[in-house]
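Chemist: Just so it is clear, I am handing over final-v4.csv, which has CSV, C-alpha atoms.
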chain,number,residue,atom,x,y,z
A,533,MET,CA,-7.3,19.6,14.0
A,534,SER,CA,-8.4,16.7,11.7
A,535,PHE,CA,-11.5,18.6,10.8
A,536,ASN,CA,-9.6,21.9,10.2
A,537,ALA,CA,-7.3,20.1,7.8
A,538,TYR,CA,-10.1,20.3,5.2
A,539,THR,CA,-10.2,24.1,5.3
A,540,GLU,CA,-7.7,26.5,3.6
A,541,LEU,CA,-6.8,29.4,5.8
A,542,GLY,CA,-8.4,32.7,4.9
A,543,LYS,CA,-11.1,31.1,2.7
A,544,GLY,CA,-13.9,31.3,5.2
A,545,GLY,CA,-14.7,27.6,5.5
A,546,GLU,CA,-15.8,25.8,8.6
A,547,TRP,CA,-13.2,25.8,11.4
A,548,TYR,CA,-13.1,24.6,15.0
A,549,ASP,CA,-11.5,27.0,17.4
A,550,LEU,CA,-8.7,25.2,19.2
A,551,GLY,CA,-8.2,27.9,21.9
A,552,SER,CA,-5.3,30.0,22.8
A,553,LYS,CA,-2.9,27.1,23.3
A,554,TRP,CA,-2.7,26.2,19.6
A,555,ARG,CA,-1.9,28.2,16.5
A,556,VAL,CA,-1.3,27.3,12.9
A,557,ASN,CA,2.5,27.2,12.4
A,558,ASP,CA,2.4,26.2,8.8
A,559,SER,CA,0.2,24.8,6.0
A,560,PHE,CA,1.2,22.6,3.1
A,561,GLY,CA,-0.2,21.7,-0.3
A,562,TRP,CA,-2.9,24.3,-0.8
A,563,GLU,CA,-1.2,25.6,-4.0
A,564,THR,CA,-1.4,22.2,-5.6
A,565,ASP,CA,-4.1,19.6,-6.2
A,566,GLY,CA,-2.5,16.9,-4.0
A,567,LEU,CA,-1.6,16.3,-0.3
A,568,ARG,CA,-2.9,19.1,1.9
A,569,GLY,CA,-3.1,20.0,5.6
A,570,HIS,CA,-1.8,22.2,8.4
A,571,VAL,CA,0.8,22.1,11.1
A,572,PHE,CA,-0.4,23.2,14.6
A,573,GLY,CA,2.0,24.2,17.3
A,574,ASN,CA,2.1,25.4,20.9
A,575,ASP,CA,3.5,28.8,21.9
A,576,ASP,CA,7.2,27.8,22.0
A,577,LYS,CA,6.9,25.3,19.1
A,578,SER,CA,8.1,22.5,21.2
A,579,LEU,CA,5.1,20.4,20.3
A,580,LEU,CA,3.8,20.3,16.7
A,581,VAL,CA,0.8,18.4,15.3
A,582,VAL,CA,0.6,17.7,11.6
A,583,SER,CA,-3.0,17.3,10.4
A,584,ILE,CA,-3.5,15.8,6.9
A,585,LYS,CA,-6.6,16.3,4.9
A,586,GLY,CA,-8.7,13.3,3.9
A,587,THR,CA,-10.7,12.7,0.7
A,588,SER,CA,-12.7,15.4,-0.9
A,589,ALA,CA,-15.2,13.5,-3.1
A,590,ALA,CA,-15.1,15.3,-6.5
A,591,ILE,CA,-18.3,13.6,-7.6
A,592,PHE,CA,-20.2,15.6,-5.0
A,593,ASN,CA,-18.5,18.9,-4.6
A,594,GLY,CA,-15.9,19.4,-7.3
A,595,GLU,CA,-13.0,19.8,-4.9
A,596,PRO,CA,-9.6,20.4,-6.7
A,597,THR,CA,-8.0,17.4,-4.9
A,598,GLY,CA,-10.9,15.1,-5.6
A,599,GLU,CA,-9.5,13.1,-8.5
A,600,LYS,CA,-6.0,12.5,-6.9
A,601,ASP,CA,-7.7,11.7,-3.6
A,602,LYS,CA,-9.7,9.0,-5.3
A,603,LEU,CA,-6.6,7.7,-7.1
A,604,ASN,CA,-4.8,7.3,-3.7
A,605,ASP,CA,-7.9,5.7,-2.1
A,606,ASN,CA,-8.2,3.1,-4.9
A,607,ILE,CA,-4.5,2.2,-4.9
A,608,LEU,CA,-4.0,2.1,-1.1
A,609,PHE,CA,-7.2,0.4,-0.1
A,610,SER,CA,-8.2,-1.9,-2.9
A,611,CYS,CA,-6.8,-5.4,-3.3
A,612,CYS,CA,-5.5,-4.8,-6.8
A,613,CYS,CA,-5.7,-1.4,-8.5
A,614,GLY,CA,-9.4,-1.0,-7.9
A,615,LYS,CA,-10.2,-3.8,-10.4
A,616,VAL,CA,-13.4,-5.4,-9.5
A,617,GLY,CA,-15.0,-6.3,-12.8
A,618,ARG,CA,-15.1,-5.7,-16.5
A,619,GLY,CA,-16.8,-2.3,-16.1
A,620,TRP,CA,-14.0,-0.9,-14.0
A,621,SER,CA,-10.8,0.6,-15.4
A,622,SER,CA,-7.8,-0.5,-13.3
A,623,VAL,CA,-5.9,2.5,-11.8
A,624,CYS,CA,-2.5,0.9,-11.9
A,625,GLY,CA,-2.6,-2.1,-14.3
A,626,CYS,CA,-1.2,-4.7,-11.9
A,627,ASN,CA,-4.0,-7.3,-12.2
A,628,ASP,CA,-3.5,-10.4,-14.3
A,629,LYS,CA,-5.3,-9.8,-17.6
A,630,ASN,CA,-6.2,-13.5,-18.1
A,631,GLU,CA,-6.8,-14.8,-14.6
A,632,ALA,CA,-9.2,-13.4,-12.0
A,633,TYR,CA,-8.1,-12.5,-8.5
A,634,VAL,CA,-4.4,-12.6,-9.4
A,635,CYS,CA,-2.2,-9.5,-8.9
A,636,GLU,CA,1.5,-8.7,-9.3
A,637,SER,CA,3.0,-7.7,-6.0
A,638,LYS,CA,5.9,-5.6,-7.2
A,639,CYS,CA,3.7,-3.7,-9.5
A,640,ILE,CA,1.5,-2.7,-6.6
A,641,GLU,CA,4.4,-1.7,-4.4
A,642,ASP,CA,5.9,0.5,-7.2
A,643,SER,CA,2.5,2.1,-7.8
A,644,ILE,CA,2.2,3.3,-4.2
A,645,LEU,CA,5.5,5.2,-4.7
A,646,LYS,CA,4.6,7.0,-7.9
A,647,GLU,CA,4.8,10.8,-8.0
A,648,GLU,CA,1.1,11.5,-7.8
A,649,LEU,CA,0.7,9.2,-4.7
A,650,TYR,CA,0.6,11.0,-1.3
A,651,TYR,CA,3.0,8.8,0.7
A,652,ASP,CA,6.1,10.2,-0.9
A,653,HIS,CA,4.8,13.8,-0.6
A,654,ALA,CA,4.1,13.2,3.1
A,655,ILE,CA,7.7,12.0,3.6
A,656,ASP,CA,9.0,15.1,1.9
A,657,MET,CA,6.7,17.3,4.0
A,658,TYR,CA,7.8,15.7,7.3
A,659,LEU,CA,11.5,15.9,6.5
A,660,ASP,CA,11.2,19.6,5.7
A,661,LEU,CA,9.3,20.2,8.9
A,662,TYR,CA,11.9,18.2,11.0
A,663,LYS,CA,14.8,20.3,9.5
A,664,ARG,CA,13.1,23.5,10.5
A,665,TYR,CA,12.1,22.2,14.0
A,666,PRO,CA,14.7,19.6,15.0
A,667,ASP,CA,14.0,19.8,18.7
A,668,ALA,CA,10.2,19.7,18.5
A,669,GLU,CA,8.0,16.7,19.4
A,670,ILE,CA,5.9,15.9,16.3
A,671,TRP,CA,2.6,14.1,16.3
A,672,LEU,CA,0.4,13.2,13.3
A,673,THR,CA,-3.3,13.1,12.8
A,674,GLY,CA,-5.9,13.0,10.1
A,675,HIS,CA,-9.3,11.7,9.1
A,676,SER,CA,-10.1,9.0,6.5
A,677,LEU,CA,-7.4,9.0,3.8
A,678,GLY,CA,-5.6,11.7,5.8
A,679,GLY,CA,-5.5,9.4,8.8
A,680,ALA,CA,-4.2,6.5,6.7
A,681,ILE,CA,-1.4,8.7,5.2
A,682,ALA,CA,-0.6,9.9,8.7
A,683,SER,CA,-0.4,6.3,10.0
A,684,LEU,CA,1.9,5.2,7.2
A,685,LEU,CA,4.1,8.3,7.9
A,686,GLY,CA,4.1,7.5,11.6
A,687,GLN,CA,5.1,3.9,11.0
A,688,THR,CA,7.9,5.1,8.7
A,689,PHE,CA,9.5,7.4,11.3
A,690,GLY,CA,8.2,6.1,14.6
A,691,LEU,CA,5.9,9.1,15.2
A,692,PRO,CA,2.9,9.1,17.5
A,693,THR,CA,-0.2,9.2,15.4
A,694,VAL,CA,-3.9,9.5,16.1
A,695,THR,CA,-6.4,8.9,13.3
A,696,PHE,CA,-10.1,9.0,12.9
A,697,GLU,CA,-12.2,6.7,10.7
A,698,SER,CA,-9.2,5.7,8.7
A,699,PRO,CA,-9.8,2.8,6.2
A,700,GLY,CA,-7.6,-0.2,6.9
A,701,ASP,CA,-4.0,0.8,6.3
A,702,ASN,CA,-2.3,-2.5,7.1
A,703,LEU,CA,-2.6,-3.5,3.4
A,704,ALA,CA,-0.6,-0.5,2.2
A,705,SER,CA,1.8,-0.8,5.2
A,706,THR,CA,2.7,-4.3,4.2
A,707,ARG,CA,3.2,-3.3,0.5
A,708,LEU,CA,5.5,-0.5,1.7
A,709,HIS,CA,7.5,-3.0,3.9
A,710,LEU,CA,6.9,-0.9,7.0
A,711,PRO,CA,7.5,-2.4,10.5
A,712,ARG,CA,5.8,-5.7,11.2
A,713,PRO,CA,5.1,-7.5,14.4
A,714,PRO,CA,6.4,-8.1,17.0
A,715,GLY,CA,7.8,-4.5,17.0
A,716,ALA,CA,4.6,-3.2,15.5
A,717,VAL,CA,2.7,-3.9,18.8
A,718,ASP,CA,4.5,-1.1,20.5
A,719,MET,CA,4.1,1.5,17.7
A,720,PRO,CA,2.4,4.7,19.0
A,721,ILE,CA,-0.4,4.5,16.4
A,722,TRP,CA,-4.0,4.8,17.5
A,723,HIS,CA,-7.0,4.4,15.1
A,724,PHE,CA,-10.3,5.8,16.5
A,725,GLY,CA,-13.5,4.8,14.7
A,726,HIS,CA,-17.0,3.3,15.2
A,727,THR,CA,-18.8,0.3,13.8
A,728,ALA,CA,-21.5,2.3,11.9
A,729,ASP,CA,-18.8,3.6,9.5
A,730,PRO,CA,-18.6,1.2,6.6
A,731,LEU,CA,-15.2,2.6,5.5
A,732,PHE,CA,-13.6,2.1,8.9
A,733,ILE,CA,-14.8,-1.4,9.3
A,734,GLY,CA,-14.2,-2.3,5.7
A,735,VAL,CA,-17.7,-3.1,4.4
A,736,CYS,CA,-18.2,-0.2,1.9
A,737,THR,CA,-17.9,-2.7,-1.0
A,738,GLY,CA,-20.0,-4.1,-3.7
A,739,PRO,CA,-22.2,-2.6,-6.4
A,740,LEU,CA,-24.9,-1.5,-3.9
A,741,SER,CA,-22.5,0.5,-1.7
A,742,GLY,CA,-22.1,4.3,-1.7
A,743,CYS,CA,-18.3,3.8,-2.3
A,744,TYR,CA,-18.9,1.8,-5.4
A,745,TYR,CA,-21.4,4.3,-6.8
A,746,ALA,CA,-18.9,7.2,-6.3
A,747,GLY,CA,-16.1,5.2,-8.0
A,748,PHE,CA,-14.2,4.1,-4.9
A,749,ILE,CA,-13.0,0.5,-4.3
A,750,MET,CA,-12.4,0.4,-0.5
A,751,GLU,CA,-11.7,-3.3,0.2
A,752,SER,CA,-9.1,-3.1,3.1
A,753,ARG,CA,-10.2,-3.9,6.7
A,754,CYS,CA,-7.2,-4.3,8.9
A,755,HIS,CA,-5.3,-1.5,10.7
A,756,ALA,CA,-1.7,-1.3,11.7
A,757,GLY,CA,-1.0,-0.2,15.3
A,758,LYS,CA,-4.0,-0.2,17.7
A,759,VAL,CA,-7.7,0.3,17.0
A,760,CYS,CA,-10.0,2.1,19.4
A,761,ILE,CA,-13.5,1.3,18.5
A,762,TRP,CA,-16.9,2.7,19.6
A,763,ASP,CA,-19.4,-0.1,19.0
A,764,THR,CA,-22.2,2.3,18.0
A,765,VAL,CA,-24.2,-0.4,16.3
A,766,LYS,CA,-24.4,-2.8,19.2
A,767,ASP,CA,-24.3,-0.3,22.1
A,768,ASN,CA,-26.2,2.7,20.7
A,769,GLY,CA,-28.4,1.2,18.0
A,770,TRP,CA,-26.8,3.1,15.1
A,771,LYS,CA,-27.2,1.8,11.5
A,772,VAL,CA,-24.3,1.3,9.2
A,773,ASN,CA,-24.3,4.4,7.1
A,774,LEU,CA,-21.6,6.2,5.0
A,775,ALA,CA,-22.8,9.6,6.3
A,776,THR,CA,-21.4,8.6,9.8
A,777,HIS,CA,-17.9,8.6,8.3
A,778,ARG,CA,-17.7,12.4,8.2
A,779,ILE,CA,-15.3,13.9,10.8
A,780,GLY,CA,-17.9,16.4,11.8
A,781,SER,CA,-20.3,13.6,12.7
A,782,VAL,CA,-17.6,11.9,14.8
A,783,ILE,CA,-16.9,15.2,16.7
A,784,GLU,CA,-20.5,16.3,17.3
A,785,ASP,CA,-22.2,12.9,17.7
A,786,ILE,CA,-19.4,11.0,19.6
A,787,ILE,CA,-16.5,13.0,20.9
A,788,LYS,CA,-18.6,15.8,22.3
A,789,LYS,CA,-20.8,13.3,24.2
A,790,PRO,CA,-18.2,11.5,26.6
A,791,SER,CA,-20.9,10.3,29.0
A,792,GLU,CA,-22.6,8.5,26.2
A,793,PHE,CA,-19.5,7.5,24.3
A,794,PRO,CA,-16.6,7.0,26.8
A,795,LEU,CA,-13.1,6.5,25.3
A,796,PRO,CA,-12.8,3.0,24.0
A,797,THR,CA,-10.1,0.5,24.9
A,798,CYS,CA,-7.3,0.5,22.3
A,799,LYS,CA,-5.9,-2.8,21.2
A,800,ILE,CA,-4.2,-4.6,18.3
A,801,GLN,CA,-6.5,-6.2,15.8
A,802,THR,CA,-6.4,-10.0,15.6
A,803,ASP,CA,-8.0,-12.4,13.2
A,804,CYS,CA,-8.1,-9.8,10.5
A,805,GLU,CA,-7.3,-10.6,6.9
A,806,ASP,CA,-7.3,-8.4,3.8
A,807,CYS,CA,-8.0,-9.7,0.3
A,808,GLY,CA,-8.5,-13.3,1.1
A,809,LEU,CA,-9.8,-14.1,-2.4
A,810,TRP,CA,-6.7,-12.8,-4.1
A,811,SER,CA,-3.3,-14.4,-4.9
A,812,PHE,CA,-0.3,-12.1,-5.3
A,813,ARG,CA,2.3,-13.1,-7.9
A,814,ASP,CA,5.8,-11.9,-7.3
A,815,ASP,CA,8.2,-12.2,-10.3
A,816,ARG,CA,11.1,-11.7,-7.9
A,817,ASP,CA,10.4,-15.1,-6.5
A,818,LEU,CA,10.7,-18.5,-8.1
A,819,ALA,CA,8.6,-19.1,-11.2
A,820,GLY,CA,5.2,-20.3,-10.2
A,821,LEU,CA,5.4,-19.1,-6.6
A,822,HIS,CA,2.3,-17.2,-5.4
A,823,VAL,CA,2.5,-15.0,-2.3
A,824,ASN,CA,-0.4,-13.8,-0.2
A,825,SER,CA,1.5,-10.7,0.8
A,826,ASN,CA,-1.1,-9.7,3.4
A,827,ASN,CA,-0.4,-12.7,5.8
A,828,TYR,CA,2.8,-14.1,4.3
A,829,THR,CA,1.2,-17.4,3.4
A,830,LEU,CA,3.0,-19.0,0.5
A,831,HIS,CA,1.2,-21.0,-2.2
A,832,ILE,CA,3.5,-23.1,-4.4
Please rewrite the model in this file as structure tokens.
Modeler:
Amino acid sequence: MSFNAYTELGKGGEWYDLGSKWRVNDSFGWETDGLRGHVFGNDDKSLLVVSIKGTSAAIFNGEPTGEKDKLNDNILFSCCCGKVGRGWSSVCGCNDKNEAYVCESKCIEDSILKEELYYDHAIDMYLDLYKRYPDAEIWLTGHSLGGAIASLLGQTFGLPTVTFESPGDNLASTRLHLPRPPGAVDMPIWHFGHTADPLFIGVCTGPLSGCYYAGFIMESRCHAGKVCIWDTVKDNGWKVNLATHRIGSVIEDIIKKPSEFPLPTCKIQTDCEDCGLWSFRDDRDLAGLHVNSNNYTLHI
């Protein structure tokens, strides 16, 4: 389903046959250049699965959602508006113009909720679906950016969510003030990924990375909910490579080989910190108070 979210119905793209149990009940976003995906349902529509499309990299294939996908990636997964140096244009202008590694928290929070950002559109999509199918059990899924949006939506409404190779979503979750521990431990959110994917483990950074070359600043590492990790580097000798991030690779090279890649144990991430070099100034607090909004450490 996560793979199929990249393909518009009737356009002849790649598609995994899900068998007779599942059918496409609805699709959303294909008439626009923003959030897209499909809603799969069983025969009596008592169980629905919303699958959200991930990033289509415009630099490689000219996909119509590419630029907005990149904007969402750079706001959700960068420490401060994708600002990493003088050669980069900030995507939301929240970084301090005079002081390095200082960012304005409220500005970031407001930017995530802007019209062109996918989180608000995902909420509207879900509320519309719930009104039409109030008695259905609804699950969410997605790959990459689609998985992160699914997770944020799942945290908002308490929906079971399964993602694949999602970048760290805890940074955006914190900025949206979504549920925090101890309740977050019991959230039905599962992030599946492997250690050879630099996006999933948060190492697709720096001027030599493929992300940087394509114009993506992917700095977040930590996931909300539980992570389910195949250690393909240690156990299978894989090399860290951006090509392994693709959902097709995950399906064909891991999921379809259960004897070689059994389901991993899912657990809460511990000892994980995002944006440790940054300070986050919040004008809503006392003058001079700096807040590291990622781990709630106050620096006065």
Chemist: Dump as a Markdown table the rows for residues of segment 722-809 of chain A within 10 Å of segment 661-681 of chain A: closest atom pair and distance in Å with one decimal, only C-alpha atoms counted, ordered by chain and rising residue number.
Modeler:
| residue | atom | partner | partner_atom | distance |
| --- | --- | --- | --- | --- |
| A:Trp722 | CA | A:Thr673 | CA | 9.6 |
| A:His723 | CA | A:Gly679 | CA | 8.2 |
| A:Phe724 | CA | A:His675 | CA | 9.5 |
| A:Gly725 | CA | A:Ser676 | CA | 9.8 |
| A:Leu731 | CA | A:Ser676 | CA | 8.2 |
| A:Phe732 | CA | A:Ser676 | CA | 8.1 |
| A:His755 | CA | A:Ala680 | CA | 9.0 |
| A:Ala756 | CA | A:Ala680 | CA | 9.6 |
| A:His777 | CA | A:Ser676 | CA | 8.0 |
| A:Arg778 | CA | A:His675 | CA | 8.5 |
| A:Ile779 | CA | A:His675 | CA | 6.6 |
Chemist: For atom CA of Asn773 of chain A and atom CA of Cys736 of chain A, determine how far apart the two atoms are, in Å to one decimal place.
Modeler: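 Atom CA of Cys736 of chain A lies at a distance of 9.2 Å from atom CA of Asn773 of chain A.
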Chemist: Could you check the closest approach to Gly757 of chain A for each of A:Gly769, A:Gly561, A:Pro596, A:Pro711 and tell me which residue wins, using only C-alpha atoms?
Modeler: A:Pro711
Chemist: With all atoms listed in the file as the basis for distance, which of A:Leu659, A:Leu774, A:Cys760, A:Leu809 is at the shortest distance from Ser741 of chain A?
Modeler: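 Closest residue, counting all atoms listed in the file: A:Leu774.
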Chemist: Quick check, in Å to one decimal: how far apart do atom CA of Cys626 of chain A and atom CA of Leu608 of chain A lie?
Modeler: 13.1 Å
Chemist: Quick one: pull the distance between atom CA of Asp701 of chain A and atom CA of Asp642 of chain A, Å, one decimal.
Modeler: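 One can read the atom CA of Asp701 of chain A to atom CA of Asp642 of chain A distance as 16.7 Å.
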Chemist: If we count all atoms listed in the file and set the cut-off at 12 Å, which residues sit around segment 557-560 of chain A, ignoring sequence neighbours fewer than 5 positions away in its own chain? Please answer as a PyMOL selection string.
Modeler: chain A and resi 536-542+565-585+653-654+656-658+660-661+664-665
Chemist: Those selected residues, please, written with C-alpha atoms and delivered as a PDB file, in the coordinates of the input.
Modeler:
ATOM      1  CA  ASN A 536      -9.600  21.900  10.200  1.00  0.00           C
ATOM      2  CA  ALA A 537      -7.300  20.100   7.800  1.00  0.00           C
ATOM      3  CA  TYR A 538     -10.100  20.300   5.200  1.00  0.00           C
ATOM      4  CA  THR A 539     -10.200  24.100   5.300  1.00  0.00           C
ATOM      5  CA  GLU A 540      -7.700  26.500   3.600  1.00  0.00           C
ATOM      6  CA  LEU A 541      -6.800  29.400   5.800  1.00  0.00           C
ATOM      7  CA  GLY A 542      -8.400  32.700   4.900  1.00  0.00           C
ATOM      8  CA  ASP A 565      -4.100  19.600  -6.200  1.00  0.00           C
ATOM      9  CA  GLY A 566      -2.500  16.900  -4.000  1.00  0.00           C
ATOM     10  CA  LEU A 567      -1.600  16.300  -0.300  1.00  0.00           C
ATOM     11  CA  ARG A 568      -2.900  19.100   1.900  1.00  0.00           C
ATOM     12  CA  GLY A 569      -3.100  20.000   5.600  1.00  0.00           C
ATOM     13  CA  HIS A 570      -1.800  22.200   8.400  1.00  0.00           C
ATOM     14  CA  VAL A 571       0.800  22.100  11.100  1.00  0.00           C
ATOM     15  CA  PHE A 572      -0.400  23.200  14.600  1.00  0.00           C
ATOM     16  CA  GLY A 573       2.000  24.200  17.300  1.00  0.00           C
ATOM     17  CA  ASN A 574       2.100  25.400  20.900  1.00  0.00           C
ATOM     18  CA  ASP A 575       3.500  28.800  21.900  1.00  0.00           C
ATOM     19  CA  ASP A 576       7.200  27.800  22.000  1.00  0.00           C
ATOM     20  CA  LYS A 577       6.900  25.300  19.100  1.00  0.00           C
ATOM     21  CA  SER A 578       8.100  22.500  21.200  1.00  0.00           C
ATOM     22  CA  LEU A 579       5.100  20.400  20.300  1.00  0.00           C
ATOM     23  CA  LEU A 580       3.800  20.300  16.700  1.00  0.00           C
ATOM     24  CA  VAL A 581       0.800  18.400  15.300  1.00  0.00           C
ATOM     25  CA  VAL A 582       0.600  17.700  11.600  1.00  0.00           C
ATOM     26  CA  SER A 583      -3.000  17.300  10.400  1.00  0.00           C
ATOM     27  CA  ILE A 584      -3.500  15.800   6.900  1.00  0.00           C
ATOM     28  CA  LYS A 585      -6.600  16.300   4.900  1.00  0.00           C
ATOM     29  CA  HIS A 653       4.800  13.800  -0.600  1.00  0.00           C
ATOM     30  CA  ALA A 654       4.100  13.200   3.100  1.00  0.00           C
ATOM     31  CA  ASP A 656       9.000  15.100   1.900  1.00  0.00           C
ATOM     32  CA  MET A 657       6.700  17.300   4.000  1.00  0.00           C
ATOM     33  CA  TYR A 658       7.800  15.700   7.300  1.00  0.00           C
ATOM     34  CA  ASP A 660      11.200  19.600   5.700  1.00  0.00           C
ATOM     35  CA  LEU A 661       9.300  20.200   8.900  1.00  0.00           C
ATOM     36  CA  ARG A 664      13.100  23.500  10.500  1.00  0.00           C
ATOM     37  CA  TYR A 665      12.100  22.200  14.000  1.00  0.00           C
TER      38      TYR A 665
END
Chemist: Name the closest residue to Ala704 of chain A among the candidates A:Ile761, A:Ser683, A:Tyr633, A:Ile787; distances are taken between atoms, counting all atoms listed in the file.
Modeler: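 Using all atoms listed in the file, Ala704 of chain A sits closest to A:Ser683.
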Chemist: Looking at all atoms listed in the file, which of A:Gln801, A:Thr764, A:Ser637, A:Asn604 is the one that sits closest to Arg813 of chain A?
Modeler: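 Between A:Gln801, A:Thr764, A:Ser637, A:Asn604, the residue approaching Arg813 of chain A most closely is A:Ser637.
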Chemist: Would you pick out the contacts of Asp785 of chain A at 12 Å or less, using all atoms listed in the file, so that residues sharing its chain but fewer than 4 positions from it are not included, and give the list as a list in words?
Modeler: His726, Trp762, Thr764, Asn768, Trp770, Ala775, Thr776, His777, Arg778, Ile779, Gly780, Ser781, Lys789, Pro790, Ser791, Glu792 and Phe793 of chain A
Chemist: Limit the output to N, CA and C atoms and give segment 798-810 of chain A as a short mmCIF file (atom, residue, chain, number, x, y, z; two decimals), in the first residue's frame.
Modeler:
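Okay, this is what ended up in result00.cif:
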data_model
loop_
_atom_site.label_atom_id
_atom_site.label_comp_id
_atom_site.auth_asym_id
_atom_site.auth_seq_id
_atom_site.Cartn_x
_atom_site.Cartn_y
_atom_site.Cartn_z
N CYS A 798 10.16 -4.27 18.10
CA CYS A 798 9.82 -2.85 18.08
C CYS A 798 9.94 -2.28 19.49
N LYS A 799 10.60 -1.14 19.61
CA LYS A 799 10.81 -0.55 20.93
C LYS A 799 10.95 0.96 20.83
N ILE A 800 10.74 1.61 21.97
CA ILE A 800 10.89 3.05 22.06
C ILE A 800 12.37 3.42 21.94
N GLN A 801 12.67 4.46 21.18
CA GLN A 801 14.04 4.94 21.10
C GLN A 801 14.44 5.63 22.40
N THR A 802 15.63 5.33 22.86
CA THR A 802 16.17 5.99 24.04
C THR A 802 17.52 6.62 23.67
N ASP A 803 17.96 7.56 24.49
CA ASP A 803 19.25 8.21 24.25
C ASP A 803 19.35 8.78 22.84
N CYS A 804 18.27 9.39 22.39
CA CYS A 804 18.25 9.99 21.06
C CYS A 804 17.96 11.48 21.21
N GLU A 805 18.76 12.30 20.55
CA GLU A 805 18.59 13.75 20.63
C GLU A 805 18.71 14.36 19.25
N ASP A 806 17.83 15.28 18.95
CA ASP A 806 17.87 16.01 17.70
C ASP A 806 18.46 17.41 17.93
N CYS A 807 19.22 17.88 16.97
CA CYS A 807 19.65 19.28 16.93
C CYS A 807 20.38 19.72 18.19
N GLY A 808 21.31 18.91 18.64
CA GLY A 808 22.03 19.22 19.88
C GLY A 808 22.87 20.48 19.80
N LEU A 809 23.26 20.91 18.59
CA LEU A 809 24.08 22.11 18.45
C LEU A 809 23.26 23.40 18.51
N TRP A 810 21.95 23.27 18.39
CA TRP A 810 21.09 24.44 18.26
C TRP A 810 20.50 24.88 19.59
#
